[in-house]
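Colleague: If you scroll down you'll find the structure; I have some questions about it.
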Protein chains: 2
Amino acid sequence: MAVAHVHKMDATNRRPGGRSAEVLGRVRSSVESLIAERGAESLTIPMLAERAGVQPSSLYRRWGDISSLLNDLATYKLDPDRPLTLTGNLVEDVRSWATEIVAHYSKPENAAMLRAGAASAGTRESDCLRHRRAEAAAILEQARDAGDTTVEDLLNRVTAPIIYRVIFSPWDLGVEFVDGVVTDLARTAR
Amino acid sequence: MAVAHVHKMDATNRRPGGRSAEVLGRVRSSVESLIAERGAESLTIPMLAERAGVQPSSLYRRWGDISSLLNDLATYKLDPDRPLTLTGNLVEDVRSWATEIVAHYSKPENAAMLRAGAASAGTRESDCLRHRRAEAAAILEQARDAGDTTVEDLLNRVTAPIIYRVIFSPWDLGVEFVDGVVTDLARTAR
DNA sequence: TGGCTAATGCAAATATCTTTGCTTTAGACT
DNA sequence: AGTCTAAAGCAAAGATATTTGCATTAGCCA
């Protein structure tokens, strides 16, 4: 069979399932546990490989270095495709959205992943920022009472304060914090 | 002279001047230039030592590792003791404060330092957060028309949005951004 | 001025990380 | 079932980073 079909080596030829997925899963949970234990600063590929029961060379070939790996895995941490339950009431929807974000980053390993992602942000467009922007847009889309509130407003008034605390002072982040920013938004947005 | 004065080995016995200061200065500017050139991710102690014309072992002994070093140097980047010229007019003072912060972090090396600091934040209290908080307090202290605006308000409405962009999308940060947050603050704070 | 000593310089020894060539495994397609 | 091949395993070589003991330098204090 000389001239077989010339398969283009496109994404459909990849094999995301099977052994790759197995490795990915093991790496993912190993990253979480290691980061929770010792932070992201001293995390190395060999260390991670050992915990995951995988060859370091596999990780090097797949991600190149630890910061790419962390950045890649951090992307999927707060599922961008998760359903937002929207009622059409701006304040109410923003509140549950913010609560969800805070709950997510209240887990130390998730906060650590965000910080790790932050370290390598600034060059490429950040997934954290992009996803939050998309969600903010979806909320405004559905809102019956959005007034002249913009996506930027939601990022500035809700996401930014939360993320700022997640990074720099995770300990004073809780439901009451969500309450503060949302109440403040409700008081002034129209 | 058998039993000499028993000097306590406290901070007064340190020698921050002279050769140490020389090394510190060289390291500091080397960090900046290297970070501006290649980002903080791949920065290593030997690399830095070579650029600074200093022995790696000196840096290891003084800081232990690269992230401690970066975190330490980042502290002094936006001088916490710089004079804030306060007029007593809240909006005006906030505007110049915000402008100063944006100007500072518009330099890529300063933004990179912040990200590097962010990576190791979350355990100790962050200097970035502490200094901004102190400045916000000073502004409110002087303001004749602060109303019921709080330090937290200024952090949430001004600092957080700026820092969020510095970290995740430095390219869309400029005077017009300052304008946006300050105008928004002026419109709703009372 | 002269001793005292923190901090650095230097260099060798280790420890770790990273790359690379080759082999093996196991999905995917016929 | 059989073939093809992306991805993983393995192991050795190479490159870097880190530690450590000893020598030297230069502030500091008497």
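Chain labels run A, B, ... following the order of the structure tokens; each chain numbers its residues from 1, and ligands are numbered from 1 in the order shown.
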Give me the residues of chain D that have any atom at most 12 Å from an atom of chain B; for each, the nearest atom pair and the distance in Å, rounded to one decimal. Use only C-alpha atoms (C1' of nucleotides), sort by chain and number, and format it as a tab-separated table.

Modeller:
residue	atom	partner	partner_atom	distance
D:DT16	C1'	B:Pro46	CA	8.8
D:DA17	C1'	B:Pro46	CA	7.5
D:DT18	C1'	B:Tyr60	CA	8.0
D:DT19	C1'	B:Ser57	CA	8.5
D:DT20	C1'	B:Ser57	CA	9.7
D:DT25	C1'	B:Arg19	CA	9.1
D:DA26	C1'	B:Arg19	CA	7.5
D:DG27	C1'	B:Gly18	CA	6.6
D:DC28	C1'	B:Arg15	CA	8.3
D:DC29	C1'	B:Asn13	CA	10.4
D:DA30	C1'	B:His5	CA	10.6

Colleague: Identify every residue of chain B that has at least one atom within 10 Å of any atom of chain A, counting only C-alpha atoms, and report the result as a CSV table (one decimal) with N, CA and C atoms, in the first residue's frame.

Modeller:
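Listing of part_38.csv after writing:
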chain,number,residue,atom,x,y,z
B,39,GLY,N,12.4,37.8,31.8
B,39,GLY,CA,11.4,37.4,32.8
B,39,GLY,C,12.0,36.8,34.0
B,40,ALA,N,11.2,36.6,35.0
B,40,ALA,CA,11.7,36.1,36.2
B,40,ALA,C,11.7,34.6,36.3
B,41,GLU,N,10.9,33.9,35.4
B,41,GLU,CA,10.8,32.5,35.5
B,41,GLU,C,12.0,31.7,35.4
B,42,SER,N,12.9,32.1,34.5
B,42,SER,CA,14.1,31.3,34.3
B,42,SER,C,15.3,31.8,35.0
B,65,ASP,N,17.8,31.2,48.4
B,65,ASP,CA,17.4,30.8,47.1
B,65,ASP,C,16.8,32.0,46.3
B,66,ILE,N,16.5,31.7,45.1
B,66,ILE,CA,16.2,32.8,44.2
B,66,ILE,C,14.8,33.5,44.5
B,67,SER,N,13.9,32.7,45.0
B,67,SER,CA,12.6,33.3,45.3
B,67,SER,C,12.7,34.2,46.5
B,68,SER,N,13.4,33.8,47.5
B,68,SER,CA,13.6,34.7,48.7
B,68,SER,C,14.3,36.0,48.3
B,108,PRO,N,8.3,47.3,32.7
B,108,PRO,CA,8.2,45.8,32.7
B,108,PRO,C,9.0,45.1,33.8
B,111,ALA,N,6.9,45.3,37.0
B,111,ALA,CA,5.7,44.4,36.9
B,111,ALA,C,6.2,43.0,37.1
B,112,ALA,N,7.3,42.6,36.5
B,112,ALA,CA,7.9,41.3,36.7
B,112,ALA,C,8.2,41.0,38.1
B,113,MET,N,8.7,42.0,38.8
B,113,MET,CA,9.1,41.8,40.2
B,113,MET,C,7.8,41.6,41.0
B,114,LEU,N,6.8,42.3,40.7
B,114,LEU,CA,5.5,42.1,41.4
B,114,LEU,C,5.0,40.6,41.2
B,115,ARG,N,5.1,40.2,40.0
B,115,ARG,CA,4.6,38.8,39.7
B,115,ARG,C,5.5,37.8,40.5
B,116,ALA,N,6.8,38.1,40.5
B,116,ALA,CA,7.7,37.2,41.2
B,116,ALA,C,7.3,37.2,42.7
B,117,GLY,N,7.0,38.4,43.2
B,117,GLY,CA,6.6,38.5,44.6
B,117,GLY,C,5.3,37.8,44.9
B,118,ALA,N,4.4,37.9,43.9
B,118,ALA,CA,3.1,37.2,44.0
B,118,ALA,C,3.2,35.7,44.2
B,119,ALA,N,4.2,35.2,43.4
B,119,ALA,CA,4.4,33.7,43.4
B,119,ALA,C,4.7,33.2,44.8
B,120,SER,N,5.4,34.1,45.6
B,120,SER,CA,5.8,33.6,46.9
B,120,SER,C,4.9,34.3,48.0
B,121,ALA,N,3.9,35.0,47.7
B,121,ALA,CA,3.0,35.6,48.7
B,121,ALA,C,2.1,34.5,49.2
B,122,GLY,N,1.2,35.0,50.1
B,122,GLY,CA,0.2,34.0,50.6
B,122,GLY,C,0.6,33.3,51.9
B,123,THR,N,1.9,33.3,52.2
B,123,THR,CA,2.3,32.7,53.5
B,123,THR,C,2.6,33.9,54.5
B,124,ARG,N,3.6,34.6,54.2
B,124,ARG,CA,3.9,35.8,55.0
B,124,ARG,C,3.0,36.9,54.6
B,125,GLU,N,2.9,38.0,55.4
B,125,GLU,CA,2.1,39.1,55.0
B,125,GLU,C,2.8,39.8,53.9
B,126,SER,N,2.1,40.2,52.9
B,126,SER,CA,2.8,40.8,51.7
B,126,SER,C,3.1,42.3,51.9
B,127,ASP,N,4.3,42.6,51.4
B,127,ASP,CA,4.7,44.0,51.5
B,127,ASP,C,3.9,44.9,50.6
B,128,CYS,N,3.6,44.4,49.4
B,128,CYS,CA,2.9,45.1,48.5
B,128,CYS,C,1.5,45.6,49.1
B,129,LEU,N,0.9,44.6,49.7
B,129,LEU,CA,-0.4,44.9,50.3
B,129,LEU,C,-0.3,45.9,51.5
B,130,ARG,N,0.7,45.6,52.3
B,130,ARG,CA,0.9,46.4,53.5
B,130,ARG,C,1.2,47.9,53.2
B,152,GLU,N,-10.4,49.9,53.1
B,152,GLU,CA,-10.7,48.8,52.3
B,152,GLU,C,-11.4,49.2,51.0
B,153,ASP,N,-12.1,50.3,51.0
B,153,ASP,CA,-12.7,50.8,49.8
B,153,ASP,C,-11.6,51.2,48.8
B,155,LEU,N,-8.6,50.2,48.6
B,155,LEU,CA,-7.9,49.0,48.2
B,155,LEU,C,-8.7,48.3,47.1
B,156,ASN,N,-10.0,48.1,47.4
B,156,ASN,CA,-10.9,47.4,46.5
B,156,ASN,C,-11.1,48.1,45.2
B,157,ARG,N,-11.3,49.4,45.3
B,157,ARG,CA,-11.7,50.2,44.1
B,157,ARG,C,-10.5,50.7,43.3
B,158,VAL,N,-9.4,50.8,43.9
B,158,VAL,CA,-8.2,51.4,43.2
B,158,VAL,C,-7.0,50.5,43.1
B,159,THR,N,-6.5,50.1,44.2
B,159,THR,CA,-5.3,49.2,44.2
B,159,THR,C,-5.6,47.9,43.5
B,160,ALA,N,-6.7,47.2,43.9
B,160,ALA,CA,-6.9,45.9,43.4
B,160,ALA,C,-7.1,45.8,41.8
B,161,PRO,N,-7.9,46.7,41.3
B,161,PRO,CA,-8.0,46.7,39.8
B,161,PRO,C,-6.7,46.9,39.1
B,162,ILE,N,-5.9,47.8,39.7
B,162,ILE,CA,-4.6,48.1,39.0
B,162,ILE,C,-3.7,46.9,39.1
B,163,ILE,N,-3.6,46.4,40.3
B,163,ILE,CA,-2.7,45.2,40.5
B,163,ILE,C,-3.1,44.0,39.7
B,164,TYR,N,-4.4,43.8,39.6
B,164,TYR,CA,-5.0,42.7,38.8
B,164,TYR,C,-4.5,42.8,37.4
B,165,ARG,N,-4.6,44.1,36.8
B,165,ARG,CA,-4.1,44.3,35.4
B,165,ARG,C,-2.6,44.2,35.3
B,166,VAL,N,-1.9,44.7,36.3
B,166,VAL,CA,-0.4,44.6,36.2
B,166,VAL,C,0.0,43.1,36.1
B,167,ILE,N,-0.7,42.3,36.9
B,167,ILE,CA,-0.3,40.9,36.8
B,167,ILE,C,-0.8,40.2,35.6
B,168,PHE,N,-2.1,40.4,35.3
B,168,PHE,CA,-2.7,39.6,34.2
B,168,PHE,C,-2.8,40.2,32.8
B,169,SER,N,-2.8,41.5,32.7
B,169,SER,CA,-2.8,42.1,31.4
B,169,SER,C,-2.2,43.5,31.4
B,170,PRO,N,-0.9,43.5,31.6
B,170,PRO,CA,-0.1,44.8,31.7
B,170,PRO,C,-0.3,45.7,30.5
B,171,TRP,N,-0.6,45.1,29.4
B,171,TRP,CA,-0.7,45.9,28.2
B,171,TRP,C,-1.9,46.9,28.2
B,180,GLY,N,-10.4,55.8,34.6
B,180,GLY,CA,-11.6,55.0,34.8
B,180,GLY,C,-11.9,54.7,36.3
B,181,VAL,N,-10.9,54.1,37.0
B,181,VAL,CA,-11.2,53.7,38.3
B,181,VAL,C,-11.4,54.9,39.2
B,184,ASP,N,-14.8,56.5,38.5
B,184,ASP,CA,-15.8,55.6,39.1
B,184,ASP,C,-15.9,55.8,40.6
B,185,LEU,N,-14.8,55.9,41.2
B,185,LEU,CA,-14.8,56.1,42.6
B,185,LEU,C,-15.4,57.5,43.0
B,187,ARG,N,-17.6,59.1,41.4
B,187,ARG,CA,-19.0,59.1,41.1
B,187,ARG,C,-19.8,58.4,42.2
B,188,THR,N,-19.2,57.4,42.9
B,188,THR,CA,-20.1,56.7,43.8
B,188,THR,C,-19.7,56.8,45.3
B,189,ALA,N,-18.5,57.3,45.5
B,189,ALA,CA,-18.1,57.5,46.9
B,189,ALA,C,-18.7,58.7,47.5

Colleague: Please identify all polymer residues within 9 Å of DG9 of chain D, counting only C-alpha atoms (C1' of nucleotides), omitting same-chain residues fewer than 3 positions from it, and present them as a list in words.

Modeller: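 Residues near the query, excluding close chain neighbours: Val54, Gln55 and Ser58 of chain A; DT23, DT24 and DT25 of chain C.
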
Colleague: So, counting only C-alpha atoms, which residue among B:His104, B:Trp63, B:Asn89, B:Glu176 is closest to Ile139 of chain B?

Modeller: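 Among the listed residues, B:Asn89 lies closest to Ile139 of chain B.
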
Colleague: Could you check how far atom CA of His131 of chain B sits from atom CA of Arg82 of chain B, in Å to one decimal?

Modeller: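 Atom CA of Arg82 of chain B lies at a distance of 10.8 Å from atom CA of His131 of chain B.
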
Colleague: Please return as a ChimeraX atom specification: the residues of segment 7-148 of chain B that backbone DSSP assigns to alpha helix (DSSP H).

Modeller: /B:18-38,45-52,56-63,66-75,90-106,108-119,127-142

Colleague: Could you turn the residues from that selection into a file that holds C-alpha atoms, as a PDB file, in the first residue's frame?

Modeller:
ATOM      1  CA  GLY B  18      30.775  48.873  52.471  1.00  0.00           C
ATOM      2  CA  ARG B  19      31.254  45.708  50.495  1.00  0.00           C
ATOM      3  CA  SER B  20      27.856  44.301  51.359  1.00  0.00           C
ATOM      4  CA  ALA B  21      26.151  47.390  50.051  1.00  0.00           C
ATOM      5  CA  GLU B  22      28.241  47.223  46.905  1.00  0.00           C
ATOM      6  CA  VAL B  23      27.124  43.660  46.277  1.00  0.00           C
ATOM      7  CA  LEU B  24      23.523  44.468  47.074  1.00  0.00           C
ATOM      8  CA  GLY B  25      23.506  47.322  44.616  1.00  0.00           C
ATOM      9  CA  ARG B  26      25.042  45.265  41.844  1.00  0.00           C
ATOM     10  CA  VAL B  27      22.623  42.407  42.473  1.00  0.00           C
ATOM     11  CA  ARG B  28      19.683  44.755  42.503  1.00  0.00           C
ATOM     12  CA  SER B  29      20.374  46.314  39.138  1.00  0.00           C
ATOM     13  CA  SER B  30      21.303  42.950  37.665  1.00  0.00           C
ATOM     14  CA  VAL B  31      17.989  41.514  38.748  1.00  0.00           C
ATOM     15  CA  GLU B  32      16.212  44.349  37.045  1.00  0.00           C
ATOM     16  CA  SER B  33      18.026  44.055  33.782  1.00  0.00           C
ATOM     17  CA  LEU B  34      17.809  40.275  33.652  1.00  0.00           C
ATOM     18  CA  ILE B  35      14.135  40.278  34.508  1.00  0.00           C
ATOM     19  CA  ALA B  36      13.441  42.877  31.867  1.00  0.00           C
ATOM     20  CA  GLU B  37      15.279  40.757  29.327  1.00  0.00           C
ATOM     21  CA  ARG B  38      13.992  37.269  30.044  1.00  0.00           C
ATOM     22  CA  ILE B  45      21.327  32.411  41.151  1.00  0.00           C
ATOM     23  CA  PRO B  46      24.401  31.577  39.054  1.00  0.00           C
ATOM     24  CA  MET B  47      23.019  33.630  36.178  1.00  0.00           C
ATOM     25  CA  LEU B  48      22.445  36.588  38.437  1.00  0.00           C
ATOM     26  CA  ALA B  49      25.805  36.187  40.116  1.00  0.00           C
ATOM     27  CA  GLU B  50      27.582  36.299  36.800  1.00  0.00           C
ATOM     28  CA  ARG B  51      25.760  39.435  35.674  1.00  0.00           C
ATOM     29  CA  ALA B  52      26.465  41.122  38.989  1.00  0.00           C
ATOM     30  CA  PRO B  56      27.057  32.528  43.543  1.00  0.00           C
ATOM     31  CA  SER B  57      27.983  31.329  46.987  1.00  0.00           C
ATOM     32  CA  SER B  58      27.638  34.843  48.328  1.00  0.00           C
ATOM     33  CA  LEU B  59      24.080  34.970  47.099  1.00  0.00           C
ATOM     34  CA  TYR B  60      23.266  31.517  48.397  1.00  0.00           C
ATOM     35  CA  ARG B  61      24.594  32.425  51.799  1.00  0.00           C
ATOM     36  CA  ARG B  62      22.788  35.721  51.913  1.00  0.00           C
ATOM     37  CA  TRP B  63      19.410  34.757  50.503  1.00  0.00           C
ATOM     38  CA  ILE B  66      16.173  32.843  44.165  1.00  0.00           C
ATOM     39  CA  SER B  67      12.612  33.326  45.297  1.00  0.00           C
ATOM     40  CA  SER B  68      13.621  34.662  48.689  1.00  0.00           C
ATOM     41  CA  LEU B  69      16.008  36.974  46.928  1.00  0.00           C
ATOM     42  CA  LEU B  70      13.367  38.267  44.552  1.00  0.00           C
ATOM     43  CA  ASN B  71      10.856  38.663  47.299  1.00  0.00           C
ATOM     44  CA  ASP B  72      13.338  40.567  49.398  1.00  0.00           C
ATOM     45  CA  LEU B  73      14.362  42.938  46.630  1.00  0.00           C
ATOM     46  CA  ALA B  74      10.804  43.451  45.426  1.00  0.00           C
ATOM     47  CA  THR B  75       9.973  44.917  48.793  1.00  0.00           C
ATOM     48  CA  LEU B  90      -9.688  62.815  48.246  1.00  0.00           C
ATOM     49  CA  VAL B  91     -10.244  62.348  44.547  1.00  0.00           C
ATOM     50  CA  GLU B  92      -7.267  64.410  43.574  1.00  0.00           C
ATOM     51  CA  ASP B  93      -4.967  62.625  46.009  1.00  0.00           C
ATOM     52  CA  VAL B  94      -6.222  59.233  45.000  1.00  0.00           C
ATOM     53  CA  ARG B  95      -5.679  60.139  41.392  1.00  0.00           C
ATOM     54  CA  SER B  96      -2.048  61.079  41.847  1.00  0.00           C
ATOM     55  CA  TRP B  97      -1.456  58.067  44.045  1.00  0.00           C
ATOM     56  CA  ALA B  98      -2.967  55.731  41.447  1.00  0.00           C
ATOM     57  CA  THR B  99      -1.040  57.435  38.686  1.00  0.00           C
ATOM     58  CA  GLU B 100       2.178  56.898  40.563  1.00  0.00           C
ATOM     59  CA  ILE B 101       1.450  53.223  41.086  1.00  0.00           C
ATOM     60  CA  VAL B 102       0.555  52.690  37.448  1.00  0.00           C
ATOM     61  CA  ALA B 103       3.628  54.572  36.301  1.00  0.00           C
ATOM     62  CA  HIS B 104       5.773  52.422  38.504  1.00  0.00           C
ATOM     63  CA  TYR B 105       4.348  49.131  37.315  1.00  0.00           C
ATOM     64  CA  SER B 106       4.371  50.226  33.718  1.00  0.00           C
ATOM     65  CA  PRO B 108       8.204  45.801  32.692  1.00  0.00           C
ATOM     66  CA  GLU B 109      10.891  44.981  35.225  1.00  0.00           C
ATOM     67  CA  ASN B 110       8.771  46.319  38.065  1.00  0.00           C
ATOM     68  CA  ALA B 111       5.741  44.391  36.894  1.00  0.00           C
ATOM     69  CA  ALA B 112       7.854  41.264  36.652  1.00  0.00           C
ATOM     70  CA  MET B 113       9.092  41.812  40.174  1.00  0.00           C
ATOM     71  CA  LEU B 114       5.549  42.077  41.415  1.00  0.00           C
ATOM     72  CA  ARG B 115       4.645  38.804  39.733  1.00  0.00           C
ATOM     73  CA  ALA B 116       7.692  37.176  41.243  1.00  0.00           C
ATOM     74  CA  GLY B 117       6.603  38.468  44.618  1.00  0.00           C
ATOM     75  CA  ALA B 118       3.069  37.231  44.012  1.00  0.00           C
ATOM     76  CA  ALA B 119       4.376  33.747  43.441  1.00  0.00           C
ATOM     77  CA  ASP B 127       4.727  44.004  51.542  1.00  0.00           C
ATOM     78  CA  CYS B 128       2.852  45.140  48.478  1.00  0.00           C
ATOM     79  CA  LEU B 129      -0.436  44.905  50.277  1.00  0.00           C
ATOM     80  CA  ARG B 130       0.876  46.399  53.494  1.00  0.00           C
ATOM     81  CA  HIS B 131       2.416  49.431  51.850  1.00  0.00           C
ATOM     82  CA  ARG B 132      -0.630  50.200  49.749  1.00  0.00           C
ATOM     83  CA  ARG B 133      -2.799  49.870  52.797  1.00  0.00           C
ATOM     84  CA  ALA B 134      -0.618  52.294  54.727  1.00  0.00           C
ATOM     85  CA  GLU B 135      -0.710  54.790  51.879  1.00  0.00           C
ATOM     86  CA  ALA B 136      -4.463  54.516  51.565  1.00  0.00           C
ATOM     87  CA  ALA B 137      -4.748  55.171  55.275  1.00  0.00           C
ATOM     88  CA  ALA B 138      -2.519  58.247  54.989  1.00  0.00           C
ATOM     89  CA  ILE B 139      -4.649  59.612  52.175  1.00  0.00           C
ATOM     90  CA  LEU B 140      -7.862  59.148  54.105  1.00  0.00           C
ATOM     91  CA  GLU B 141      -6.261  60.652  57.179  1.00  0.00           C
ATOM     92  CA  GLN B 142      -5.621  63.890  55.352  1.00  0.00           C
TER      93      GLN B 142
END

Colleague: Which residue out of B:Gly88, B:Gly53, B:Pro83, B:Gly147 has the minimum interatomic distance to chain C when only C-alpha atoms (C1' of nucleotides) are used?

Modeller: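 Of B:Gly88, B:Gly53, B:Pro83, B:Gly147, the one nearest chain C is B:Gly53, counting only C-alpha atoms (C1' of nucleotides).
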
Colleague: Residues of chain C no more than 10 Å from chain A, counting only C-alpha atoms (C1' of nucleotides): send them over as a ChimeraX atom specification.

Modeller: /C:16-20,25-28

Colleague: Using the selection just defined, write its residues with N, CA and C atoms (P, O5', C5', C4', C3', O3' and C1' of nucleotides) as a tab-separated table (two decimals), in the first residue's frame.

Modeller:
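See part14.tsv below for the written result:
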chain	number	residue	atom	x	y	z
C	16	DT	P	19.91	15.98	46.30
C	16	DT	O5'	19.26	16.82	45.11
C	16	DT	C5'	20.13	17.41	44.21
C	16	DT	C4'	19.40	18.26	43.20
C	16	DT	C3'	18.21	17.54	42.55
C	16	DT	O3'	17.16	18.48	42.34
C	16	DT	C1'	19.97	17.92	40.95
C	17	DC	P	15.83	18.05	41.52
C	17	DC	O5'	16.19	18.65	40.09
C	17	DC	C5'	16.69	19.99	40.01
C	17	DC	C4'	17.18	20.30	38.60
C	17	DC	C3'	16.14	20.12	37.51
C	17	DC	O3'	16.30	21.23	36.62
C	17	DC	C1'	18.05	18.89	36.95
C	18	DT	P	15.13	21.50	35.48
C	18	DT	O5'	15.76	20.79	34.20
C	18	DT	C5'	16.95	21.33	33.63
C	18	DT	C4'	17.36	20.54	32.41
C	18	DT	C3'	16.23	20.16	31.44
C	18	DT	O3'	16.53	20.79	30.21
C	18	DT	C1'	17.67	18.31	31.84
C	19	DT	P	15.73	20.48	28.87
C	19	DT	O5'	16.70	19.39	28.22
C	19	DT	C5'	18.09	19.68	28.14
C	19	DT	C4'	18.81	18.56	27.40
C	19	DT	C3'	18.15	18.11	26.09
C	19	DT	O3'	19.19	18.03	25.13
C	19	DT	C1'	18.52	16.23	27.49
C	20	DT	P	18.76	17.74	23.58
C	20	DT	O5'	19.01	16.18	23.43
C	20	DT	C5'	20.12	15.61	24.09
C	20	DT	C4'	20.21	14.12	23.78
C	20	DT	C3'	19.43	13.66	22.56
C	20	DT	O3'	20.19	12.70	21.86
C	20	DT	C1'	18.75	12.43	24.43
C	25	DT	P	6.44	-3.82	26.80
C	25	DT	O5'	5.28	-2.73	26.69
C	25	DT	C5'	5.26	-1.66	27.64
C	25	DT	C4'	4.13	-0.73	27.29
C	25	DT	C3'	2.79	-1.40	27.03
C	25	DT	O3'	1.83	-0.77	27.86
C	25	DT	C1'	3.30	0.11	25.29
C	26	DA	P	0.43	-1.50	28.10
C	26	DA	O5'	-0.49	-0.65	27.13
C	26	DA	C5'	-0.52	0.76	27.27
C	26	DA	C4'	-1.30	1.34	26.10
C	26	DA	C3'	-2.57	0.57	25.75
C	26	DA	O3'	-3.51	1.50	25.29
C	26	DA	C1'	-1.24	0.68	23.88
C	27	DG	P	-4.93	1.61	25.94
C	27	DG	O5'	-5.38	3.03	25.43
C	27	DG	C5'	-6.25	3.09	24.37
C	27	DG	C4'	-5.84	4.20	23.43
C	27	DG	C3'	-6.88	4.35	22.33
C	27	DG	O3'	-6.94	5.68	21.91
C	27	DG	C1'	-4.83	3.61	21.39
C	28	DA	P	-8.24	6.12	21.17
C	28	DA	O5'	-7.87	5.87	19.63
C	28	DA	C5'	-6.89	6.71	19.01
C	28	DA	C4'	-6.76	6.32	17.54
C	28	DA	C3'	-8.09	6.08	16.83
C	28	DA	O3'	-7.97	6.57	15.51
C	28	DA	C1'	-6.75	4.17	16.65

Colleague: At what distance in Å, to one decimal, does atom CA of Leu78 of chain B lie from atom CA of Gly174 of chain A?

Modeller: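 Separation of atom CA of Gly174 of chain A and atom CA of Leu78 of chain B: 29.1 Å.
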